[in-house]
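J.: Once you've had a glance at the structure underneath, I'll fire off some questions.
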There are 2 protein chains.
Amino acid sequence: MTRNRKTARATKIPDVVIDRLPLYARCLALLQSRRQEVVSSTELASMSRVTPAQIRKDLSYFGRFGKQGRGYNVGQLLGELWRILGLNRDWRLALIGVGKVGRAILEYDGFASEGFHVVQAFDVDHQMVGQKLVSVTIRHVSELEQRLLKDPVDIGIVAVPAVEAQAVVDALVRCGVKAILNYAPLRPHRPPDVELRQIDPVLALQSMTFYLKALKGPAKRR
Amino acid sequence: MTRNRKTARATKIPDVVIDRLPLYARCLALLQSRRQEVVSSTELASMSRVTPAQIRKDLSYFGRFGKQGRGYNVGQLLGELWRILGLNRDWRLALIGVGKVGRAILEYDGFASEGFHVVQAFDVDHQMVGQKLVSVTIRHVSELEQRLLKDPVDIGIVAVPAVEAQAVVDALVRCGVKAILNYAPLRPHRPPDVELRQIDPVLALQSMTFYLKALKGPAKRR
DNA sequence: ATCTGTGAATTGATTCACAGCC
DNA sequence: GGCTGTGAATCAATTCACAGAT
């Protein structure tokens with residue numbers, strides 16, 4: 001494990017920086033699949049829609065991965081980012097709520113291909129309990145804590161209606177889950193050491209309409 | 001239309017502020033459904049997980065909606081936010097890509113209930129063309145521009161594989177679409193006057209693993 | 001007594017610009 | 001000549017703190 005010294009290890013790394021790293025990793029993976037060996041911050045910038053200076057500064061929090069006059073080695077930088085983000089291992093997830101959204105998540109193959117495996121699934125609907133969907137047997141949500149304590153997961157995915165989301169988050173927290181991906185349209189309370197990310201397409205739509213409103217009318221012909 | 005004077009109309013309103021407004025609107029709607037008439041910035045803060053000062057400052061970009069010593073009238077403030085965001089009308093959407101993700105979007109009823117109606121749907125798969133899903137007939141993507149120019153929409157939803165996403169975005173832009181919700185795992189280029197929001201759960205997961213990695217092992221029992 | 005609205009102060013993030021290396 | 005890594009400078013967002021309204 002080649003550890004780069006002279007690096008600002010002490011500095012608290014801003015969350016926004018962490019949020020951008022997976023984006024860089026994705027671009028690098030694309031470059032790697034094209035057999036490109038070297039990339040400059042400028043090229044990476046045009047792919048990721050981030051400025052070159054920002055990319056360089058972001059990376060500098062973790063080490064000195066580039067070569068002056070040349071750029072970054074694609075494979076090596078990708079490896080570093082994987083290491084930093086912990087992407088070179090699999091992660092176990094529990095899904096709570098197997099309604100429309102939950103089912104789409106289970107059937108979506110974009111998670112597993114990146115190492116995120118839904119290994120447990122829960123729902124309130126007794127009809128669904130016992131059904132097997134994509135190699136996961138659905139259990140009743142009342143068994144959640146018991147099963148999660150016995151067979152822990154790293155990340156919880158909340159896909160229940162808004163009114164139930166807080167209770168589910170609380171249960172996950174009690175089970176020691178430290179990261180939650182929430183699809184419910186509500187921002188749940190949780191302890192500061194529990195990471196939370198919201199997936200909220202309606203909020204996204206509702207903020208875009210602000211800018212549309214300014215325009216004359218509904219989508220005009222050119 | 002009561003227009004509040006003395007307001008900083010000239011100031012460019014930061015995008016982050018716009019992004020928070022729908023969140024406030026949602027909290028207010030919840031309060032309204034509970035028949036609560038008045039709310040303070042502090043109470044709204046605990047619901048939305050934003051600080052009271054930030055809420056007050058955000059709102060101050062648009063007017064003076066509160067009463068000192070009392071707070072905000074729930075119904076009135078909600079009305080103002082609807083007006084500001086353009087939520088008191090319906091919006092027409094086109095969905096491109098009716099695979100797993102696209103189908104989930106079509107079947108999800110959380111869009112329509114907020115006034116966002118998918119009125120057109122496209123896919124490359126000829127098998128799907130002609131099928132009717134949730135009151136929308138799927139058309140072939142080659143007809144996209146023709147149909148969108150004839151029957152314009154306000155917002156495009158991109159739910160195609162990453163490799164095709166840029167071409168779809170380009171086509172939407174040519175049709176005059178000024179707002180795009182993108183589910184493809186890639187940040188497409190677009191002109192500066194076209195709003196774009198990403199829905200990217202994998203990126204969200206990948207940034208959370210950074211914080212998990214620091215912890216001892218996979219979710220431990222307490 | 002309470003709570004808003006807002007300049008001022010602060011904190012945080014981004015960009016600049018250039019020394020140093022390839 | 002080209003490109004990284006990084007302090008310094010700039011720009012942006014958040015928080016403070018209090019005057020003023022009810």
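Lettering and numbering for the structure tokens are positional, with chains as A, B, ... in the shown order, residues counted from 1 in each chain, and ligands counted from 1 in the shown order.
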Tell me the residues of chain C close to chain B, meaning within 7 Å using only C-alpha atoms (C1' of nucleotides), as a PDB file with all heavy atoms, in the first residue's frame.

T.:
ATOM      1  P    DT C   2     -41.010  34.636  25.435  1.00  0.00           P
ATOM      2  OP1  DT C   2     -41.492  33.271  25.706  1.00  0.00           O
ATOM      3  OP2  DT C   2     -39.603  35.048  25.655  1.00  0.00           O
ATOM      4  O5'  DT C   2     -41.391  35.003  23.931  1.00  0.00           O
ATOM      5  C5'  DT C   2     -42.758  34.943  23.481  1.00  0.00           C
ATOM      6  C4'  DT C   2     -42.770  35.247  21.993  1.00  0.00           C
ATOM      7  O4'  DT C   2     -42.501  36.652  21.760  1.00  0.00           O
ATOM      8  C3'  DT C   2     -41.710  34.477  21.202  1.00  0.00           C
ATOM      9  O3'  DT C   2     -42.366  33.854  20.125  1.00  0.00           O
ATOM     10  C2'  DT C   2     -40.717  35.548  20.768  1.00  0.00           C
ATOM     11  C1'  DT C   2     -41.611  36.772  20.672  1.00  0.00           C
ATOM     12  N1   DT C   2     -40.935  38.101  20.803  1.00  0.00           N
ATOM     13  C2   DT C   2     -41.264  39.093  19.904  1.00  0.00           C
ATOM     14  O2   DT C   2     -42.072  38.950  19.006  1.00  0.00           O
ATOM     15  N3   DT C   2     -40.594  40.298  20.090  1.00  0.00           N
ATOM     16  C4   DT C   2     -39.658  40.571  21.080  1.00  0.00           C
ATOM     17  O4   DT C   2     -39.151  41.680  21.146  1.00  0.00           O
ATOM     18  C5   DT C   2     -39.361  39.481  21.990  1.00  0.00           C
ATOM     19  C7   DT C   2     -38.365  39.676  23.078  1.00  0.00           C
ATOM     20  C6   DT C   2     -39.998  38.308  21.801  1.00  0.00           C
ATOM     21  P    DC C   3     -41.727  32.672  19.330  1.00  0.00           P
ATOM     22  OP1  DC C   3     -42.738  31.628  19.117  1.00  0.00           O
ATOM     23  OP2  DC C   3     -40.430  32.381  19.959  1.00  0.00           O
ATOM     24  O5'  DC C   3     -41.422  33.362  17.941  1.00  0.00           O
ATOM     25  C5'  DC C   3     -42.506  33.916  17.188  1.00  0.00           C
ATOM     26  C4'  DC C   3     -41.904  34.783  16.115  1.00  0.00           C
ATOM     27  O4'  DC C   3     -41.357  35.977  16.711  1.00  0.00           O
ATOM     28  C3'  DC C   3     -40.747  34.121  15.371  1.00  0.00           C
ATOM     29  O3'  DC C   3     -40.918  34.345  13.995  1.00  0.00           O
ATOM     30  C2'  DC C   3     -39.529  34.839  15.912  1.00  0.00           C
ATOM     31  C1'  DC C   3     -40.119  36.236  16.107  1.00  0.00           C
ATOM     32  N1   DC C   3     -39.305  37.139  16.962  1.00  0.00           N
ATOM     33  C2   DC C   3     -39.242  38.500  16.661  1.00  0.00           C
ATOM     34  O2   DC C   3     -39.893  38.924  15.696  1.00  0.00           O
ATOM     35  N3   DC C   3     -38.474  39.326  17.410  1.00  0.00           N
ATOM     36  C4   DC C   3     -37.787  38.819  18.437  1.00  0.00           C
ATOM     37  N4   DC C   3     -37.048  39.666  19.155  1.00  0.00           N
ATOM     38  C5   DC C   3     -37.832  37.435  18.775  1.00  0.00           C
ATOM     39  C6   DC C   3     -38.601  36.644  18.023  1.00  0.00           C
ATOM     40  P    DT C   4     -40.020  33.775  12.869  1.00  0.00           P
ATOM     41  OP1  DT C   4     -40.790  32.727  12.197  1.00  0.00           O
ATOM     42  OP2  DT C   4     -38.665  33.499  13.359  1.00  0.00           O
ATOM     43  O5'  DT C   4     -39.978  35.036  11.914  1.00  0.00           O
ATOM     44  C5'  DT C   4     -41.190  35.644  11.484  1.00  0.00           C
ATOM     45  C4'  DT C   4     -40.914  37.062  11.000  1.00  0.00           C
ATOM     46  O4'  DT C   4     -40.216  37.779  12.024  1.00  0.00           O
ATOM     47  C3'  DT C   4     -40.028  37.132   9.746  1.00  0.00           C
ATOM     48  O3'  DT C   4     -40.624  38.056   8.844  1.00  0.00           O
ATOM     49  C2'  DT C   4     -38.681  37.603  10.262  1.00  0.00           C
ATOM     50  C1'  DT C   4     -39.049  38.388  11.510  1.00  0.00           C
ATOM     51  N1   DT C   4     -38.031  38.389  12.606  1.00  0.00           N
ATOM     52  C2   DT C   4     -37.461  39.578  13.001  1.00  0.00           C
ATOM     53  O2   DT C   4     -37.728  40.644  12.494  1.00  0.00           O
ATOM     54  N3   DT C   4     -36.544  39.472  14.032  1.00  0.00           N
ATOM     55  C4   DT C   4     -36.157  38.315  14.687  1.00  0.00           C
ATOM     56  O4   DT C   4     -35.331  38.348  15.588  1.00  0.00           O
ATOM     57  C5   DT C   4     -36.797  37.101  14.227  1.00  0.00           C
ATOM     58  C7   DT C   4     -36.449  35.800  14.872  1.00  0.00           C
ATOM     59  C6   DT C   4     -37.686  37.190  13.225  1.00  0.00           C
ATOM     60  P    DG C   5     -40.204  38.063   7.309  1.00  0.00           P
ATOM     61  OP1  DG C   5     -41.315  38.624   6.511  1.00  0.00           O
ATOM     62  OP2  DG C   5     -39.629  36.756   6.972  1.00  0.00           O
ATOM     63  O5'  DG C   5     -39.020  39.115   7.345  1.00  0.00           O
ATOM     64  C5'  DG C   5     -39.316  40.474   7.555  1.00  0.00           C
ATOM     65  C4'  DG C   5     -38.031  41.269   7.488  1.00  0.00           C
ATOM     66  O4'  DG C   5     -37.209  40.931   8.630  1.00  0.00           O
ATOM     67  C3'  DG C   5     -37.166  41.008   6.257  1.00  0.00           C
ATOM     68  O3'  DG C   5     -36.686  42.282   5.862  1.00  0.00           O
ATOM     69  C2'  DG C   5     -36.038  40.100   6.794  1.00  0.00           C
ATOM     70  C1'  DG C   5     -35.898  40.614   8.211  1.00  0.00           C
ATOM     71  N9   DG C   5     -35.408  39.661   9.207  1.00  0.00           N
ATOM     72  C8   DG C   5     -35.684  38.309   9.290  1.00  0.00           C
ATOM     73  N7   DG C   5     -35.139  37.728  10.311  1.00  0.00           N
ATOM     74  C5   DG C   5     -34.447  38.747  10.959  1.00  0.00           C
ATOM     75  C6   DG C   5     -33.656  38.713  12.128  1.00  0.00           C
ATOM     76  O6   DG C   5     -33.403  37.746  12.857  1.00  0.00           O
ATOM     77  N1   DG C   5     -33.142  39.972  12.428  1.00  0.00           N
ATOM     78  C2   DG C   5     -33.358  41.108  11.695  1.00  0.00           C
ATOM     79  N2   DG C   5     -32.782  42.223  12.141  1.00  0.00           N
ATOM     80  N3   DG C   5     -34.097  41.157  10.594  1.00  0.00           N
ATOM     81  C4   DG C   5     -34.608  39.942  10.283  1.00  0.00           C
TER      82       DG C   5
END

J.: Using only C-alpha atoms (C1' of nucleotides), which protein or nucleic acid residues come within 10 Å of DA19 in chain C? Drop anything in the same chain fewer than 2 positions from it, and give the result as a PyMOL selection string.

T.: (chain C and resi 17+21) or (chain D and resi 5-6)

J.: Need to verify the contact set: range 135-152 of chain A, 10 Å, only C-alpha atoms (C1' of nucleotides), exclusion of same-chain residues closer than 4 positions in sequence. Can you return it as a PyMOL selection string?

T.: (chain A and resi 92-98+106+118-131+168+171-177) or (chain B and resi 218-222)

J.: Write the selection just made, keeping N, CA and C atoms, as an mmCIF file, in the first residue's frame?

T.:
data_model
loop_
_atom_site.group_PDB
_atom_site.id
_atom_site.type_symbol
_atom_site.label_atom_id
_atom_site.label_comp_id
_atom_site.auth_asym_id
_atom_site.auth_seq_id
_atom_site.Cartn_x
_atom_site.Cartn_y
_atom_site.Cartn_z
ATOM 1 N N ARG A 92 -23.184 -4.691 1.555
ATOM 2 C CA ARG A 92 -24.471 -5.360 1.758
ATOM 3 C C ARG A 92 -25.551 -4.344 2.102
ATOM 4 N N LEU A 93 -26.673 -4.436 1.407
ATOM 5 C CA LEU A 93 -27.751 -3.481 1.638
ATOM 6 C C LEU A 93 -29.032 -4.185 2.075
ATOM 7 N N ALA A 94 -29.832 -3.446 2.830
ATOM 8 C CA ALA A 94 -31.188 -3.908 3.138
ATOM 9 C C ALA A 94 -32.166 -2.915 2.518
ATOM 10 N N LEU A 95 -33.202 -3.459 1.890
ATOM 11 C CA LEU A 95 -34.235 -2.609 1.295
ATOM 12 C C LEU A 95 -35.482 -2.679 2.158
ATOM 13 N N ILE A 96 -36.002 -1.529 2.532
ATOM 14 C CA ILE A 96 -37.244 -1.523 3.299
ATOM 15 C C ILE A 96 -38.311 -0.837 2.465
ATOM 16 N N GLY A 97 -39.343 -1.586 2.142
ATOM 17 C CA GLY A 97 -40.413 -1.088 1.271
ATOM 18 C C GLY A 97 -40.279 -1.676 -0.118
ATOM 19 N N VAL A 98 -41.132 -2.649 -0.434
ATOM 20 C CA VAL A 98 -41.046 -3.285 -1.746
ATOM 21 C C VAL A 98 -42.302 -2.972 -2.552
ATOM 22 N N LEU A 106 -34.972 -3.248 -6.621
ATOM 23 C CA LEU A 106 -34.559 -4.657 -6.597
ATOM 24 C C LEU A 106 -34.220 -5.154 -7.995
ATOM 25 N N VAL A 118 -28.310 -5.977 -2.593
ATOM 26 C CA VAL A 118 -29.454 -6.003 -1.673
ATOM 27 C C VAL A 118 -29.613 -7.432 -1.188
ATOM 28 N N VAL A 119 -29.315 -7.654 0.089
ATOM 29 C CA VAL A 119 -29.337 -9.017 0.626
ATOM 30 C C VAL A 119 -30.530 -9.258 1.546
ATOM 31 N N GLN A 120 -31.242 -8.180 1.882
ATOM 32 C CA GLN A 120 -32.442 -8.350 2.683
ATOM 33 C C GLN A 120 -33.497 -7.365 2.189
ATOM 34 N N ALA A 121 -34.758 -7.782 2.257
ATOM 35 C CA ALA A 121 -35.846 -6.906 1.838
ATOM 36 C C ALA A 121 -37.032 -7.083 2.775
ATOM 37 N N PHE A 122 -37.697 -5.973 3.081
ATOM 38 C CA PHE A 122 -38.806 -5.989 4.036
ATOM 39 C C PHE A 122 -39.983 -5.199 3.502
ATOM 40 N N ASP A 123 -41.181 -5.624 3.912
ATOM 41 C CA ASP A 123 -42.382 -4.865 3.572
ATOM 42 C C ASP A 123 -43.430 -5.072 4.652
ATOM 43 N N VAL A 124 -44.378 -4.155 4.726
ATOM 44 C CA VAL A 124 -45.479 -4.307 5.693
ATOM 45 C C VAL A 124 -46.541 -5.275 5.197
ATOM 46 N N ASP A 125 -46.650 -5.374 3.873
ATOM 47 C CA ASP A 125 -47.720 -6.162 3.253
ATOM 48 C C ASP A 125 -47.485 -7.662 3.437
ATOM 49 N N HIS A 126 -48.356 -8.309 4.224
ATOM 50 C CA HIS A 126 -48.187 -9.740 4.489
ATOM 51 C C HIS A 126 -48.295 -10.574 3.223
ATOM 52 N N GLN A 127 -49.022 -10.080 2.243
ATOM 53 C CA GLN A 127 -49.158 -10.767 0.952
ATOM 54 C C GLN A 127 -47.788 -11.034 0.314
ATOM 55 N N MET A 128 -46.896 -10.054 0.492
ATOM 56 C CA MET A 128 -45.612 -10.123 -0.191
ATOM 57 C C MET A 128 -44.594 -10.979 0.555
ATOM 58 N N VAL A 129 -44.809 -11.108 1.861
ATOM 59 C CA VAL A 129 -43.843 -11.836 2.677
ATOM 60 C C VAL A 129 -43.692 -13.270 2.170
ATOM 61 N N GLY A 130 -42.458 -13.695 2.026
ATOM 62 C CA GLY A 130 -42.174 -15.042 1.534
ATOM 63 C C GLY A 130 -41.878 -15.068 0.046
ATOM 64 N N GLN A 131 -42.396 -14.084 -0.683
ATOM 65 C CA GLN A 131 -42.072 -13.994 -2.110
ATOM 66 C C GLN A 131 -40.575 -13.781 -2.301
ATOM 67 N N VAL A 168 -38.805 3.827 10.123
ATOM 68 C CA VAL A 168 -37.874 2.886 9.496
ATOM 69 C C VAL A 168 -36.433 3.336 9.721
ATOM 70 N N ALA A 171 -35.385 2.571 13.198
ATOM 71 C CA ALA A 171 -35.103 1.139 13.371
ATOM 72 C C ALA A 171 -33.731 0.785 12.799
ATOM 73 N N LEU A 172 -33.450 1.302 11.624
ATOM 74 C CA LEU A 172 -32.146 1.041 11.005
ATOM 75 C C LEU A 172 -31.024 1.548 11.899
ATOM 76 N N VAL A 173 -31.209 2.737 12.440
ATOM 77 C CA VAL A 173 -30.195 3.316 13.311
ATOM 78 C C VAL A 173 -29.980 2.432 14.531
ATOM 79 N N ARG A 174 -31.082 1.947 15.106
ATOM 80 C CA ARG A 174 -30.957 1.050 16.263
ATOM 81 C C ARG A 174 -30.173 -0.212 15.923
ATOM 82 N N CYS A 175 -30.249 -0.629 14.675
ATOM 83 C CA CYS A 175 -29.520 -1.840 14.256
ATOM 84 C C CYS A 175 -28.070 -1.555 13.916
ATOM 85 N N GLY A 176 -27.655 -0.300 14.054
ATOM 86 C CA GLY A 176 -26.265 0.030 13.817
ATOM 87 C C GLY A 176 -25.931 0.389 12.382
ATOM 88 N N VAL A 177 -26.943 0.560 11.552
ATOM 89 C CA VAL A 177 -26.696 0.958 10.162
ATOM 90 C C VAL A 177 -26.191 2.399 10.141
ATOM 91 N N PRO B 218 -18.136 -4.299 8.482
ATOM 92 C CA PRO B 218 -19.524 -4.260 8.041
ATOM 93 C C PRO B 218 -20.456 -4.237 9.244
ATOM 94 N N ALA B 219 -21.403 -3.357 9.177
ATOM 95 C CA ALA B 219 -22.424 -3.125 10.205
ATOM 96 C C ALA B 219 -22.360 -4.066 11.399
ATOM 97 N N LYS B 220 -21.947 -3.546 12.517
ATOM 98 C CA LYS B 220 -21.767 -4.382 13.691
ATOM 99 C C LYS B 220 -22.991 -4.353 14.576
ATOM 100 N N ARG B 221 -23.118 -5.427 15.324
ATOM 101 C CA ARG B 221 -24.149 -5.438 16.349
ATOM 102 C C ARG B 221 -23.754 -4.414 17.395
ATOM 103 N N ARG B 222 -24.744 -3.883 18.094
ATOM 104 C CA ARG B 222 -24.395 -2.915 19.126
ATOM 105 C C ARG B 222 -23.672 -3.573 20.285
#

J.: Which neighbours of Leu205 in chain B fall inside 12 Å, counting only C-alpha atoms (C1' of nucleotides), when residues of the same chain fewer than 4 positions from it are skipped, and could you give them as JSON, numbers by chain?

T.: {"A": [18, 19, 21, 22, 23, 85, 86, 87, 90, 91, 92, 93, 110, 111, 112, 114, 115, 116, 117, 154, 155, 156, 157, 178, 179, 180, 181, 182, 195, 196, 197, 198, 199], "B": [200, 201, 209, 210, 211, 212]}

J.: Based on the selection just made, write C-alpha atoms of those residues as a PDB file, in the first residue's frame.

T.:
ATOM      1  CA  ILE A  18     -16.139  13.382  -1.312  1.00  0.00           C
ATOM      2  CA  ASP A  19     -19.318  13.780  -3.329  1.00  0.00           C
ATOM      3  CA  LEU A  21     -14.898  11.584  -6.202  1.00  0.00           C
ATOM      4  CA  PRO A  22     -17.302   8.887  -7.453  1.00  0.00           C
ATOM      5  CA  LEU A  23     -17.935  11.054 -10.478  1.00  0.00           C
ATOM      6  CA  LEU A  85     -13.939   5.446  -1.487  1.00  0.00           C
ATOM      7  CA  GLY A  86     -13.877   1.813  -0.472  1.00  0.00           C
ATOM      8  CA  LEU A  87     -15.176   0.609  -3.814  1.00  0.00           C
ATOM      9  CA  ASP A  90     -18.786  -5.479  -1.916  1.00  0.00           C
ATOM     10  CA  TRP A  91     -21.381  -3.787   0.250  1.00  0.00           C
ATOM     11  CA  ARG A  92     -24.471  -5.360   1.758  1.00  0.00           C
ATOM     12  CA  LEU A  93     -27.751  -3.481   1.638  1.00  0.00           C
ATOM     13  CA  GLY A 110     -26.979  -0.966 -11.743  1.00  0.00           C
ATOM     14  CA  PHE A 111     -26.428  -1.465  -8.029  1.00  0.00           C
ATOM     15  CA  ALA A 112     -25.098  -5.018  -8.044  1.00  0.00           C
ATOM     16  CA  GLU A 114     -21.065  -1.683  -8.747  1.00  0.00           C
ATOM     17  CA  GLY A 115     -20.811  -3.994  -5.765  1.00  0.00           C
ATOM     18  CA  PHE A 116     -23.972  -2.949  -3.925  1.00  0.00           C
ATOM     19  CA  HIS A 117     -25.984  -6.070  -3.143  1.00  0.00           C
ATOM     20  CA  ASP A 154     -23.800  -1.754   5.660  1.00  0.00           C
ATOM     21  CA  ILE A 155     -26.448   0.422   4.056  1.00  0.00           C
ATOM     22  CA  GLY A 156     -30.222   0.717   4.302  1.00  0.00           C
ATOM     23  CA  ILE A 157     -32.455   1.778   1.437  1.00  0.00           C
ATOM     24  CA  LYS A 178     -24.466   3.952   9.446  1.00  0.00           C
ATOM     25  CA  ALA A 179     -25.580   4.865   5.911  1.00  0.00           C
ATOM     26  CA  ILE A 180     -29.063   5.317   4.520  1.00  0.00           C
ATOM     27  CA  LEU A 181     -30.304   6.010   1.028  1.00  0.00           C
ATOM     28  CA  ASN A 182     -33.751   7.499   1.366  1.00  0.00           C
ATOM     29  CA  GLU A 195     -24.812   9.259   6.585  1.00  0.00           C
ATOM     30  CA  LEU A 196     -27.981  10.043   4.684  1.00  0.00           C
ATOM     31  CA  ARG A 197     -28.602  10.700   1.010  1.00  0.00           C
ATOM     32  CA  GLN A 198     -31.909  11.705  -0.503  1.00  0.00           C
ATOM     33  CA  ILE A 199     -33.227  10.601  -3.850  1.00  0.00           C
TER      34      ILE A 199
ATOM     35  CA  ASP B 200     -27.936   9.149  -9.453  1.00  0.00           C
ATOM     36  CA  PRO B 201     -28.373   6.710  -6.576  1.00  0.00           C
ATOM     37  CA  THR B 209     -18.959   4.264   1.445  1.00  0.00           C
ATOM     38  CA  PHE B 210     -16.146   6.736   2.034  1.00  0.00           C
ATOM     39  CA  TYR B 211     -17.491   7.375   5.514  1.00  0.00           C
ATOM     40  CA  LEU B 212     -18.333   3.723   6.159  1.00  0.00           C
TER      41      LEU B 212
END

J.: Which chain D residues are at most 10 Å from chain B (counting only C-alpha atoms (C1' of nucleotides)), as a ChimeraX atom specification?

T.: /D:12-16,20-22

J.: From the set A:Asp170, A:Glu107, A:Glu164, A:Asp58, which residue has the shortest atom-to-atom contact distance to chain B, counting only C-alpha atoms?

T.: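 That would be A:Glu107, the residue with the smallest distance to chain B.
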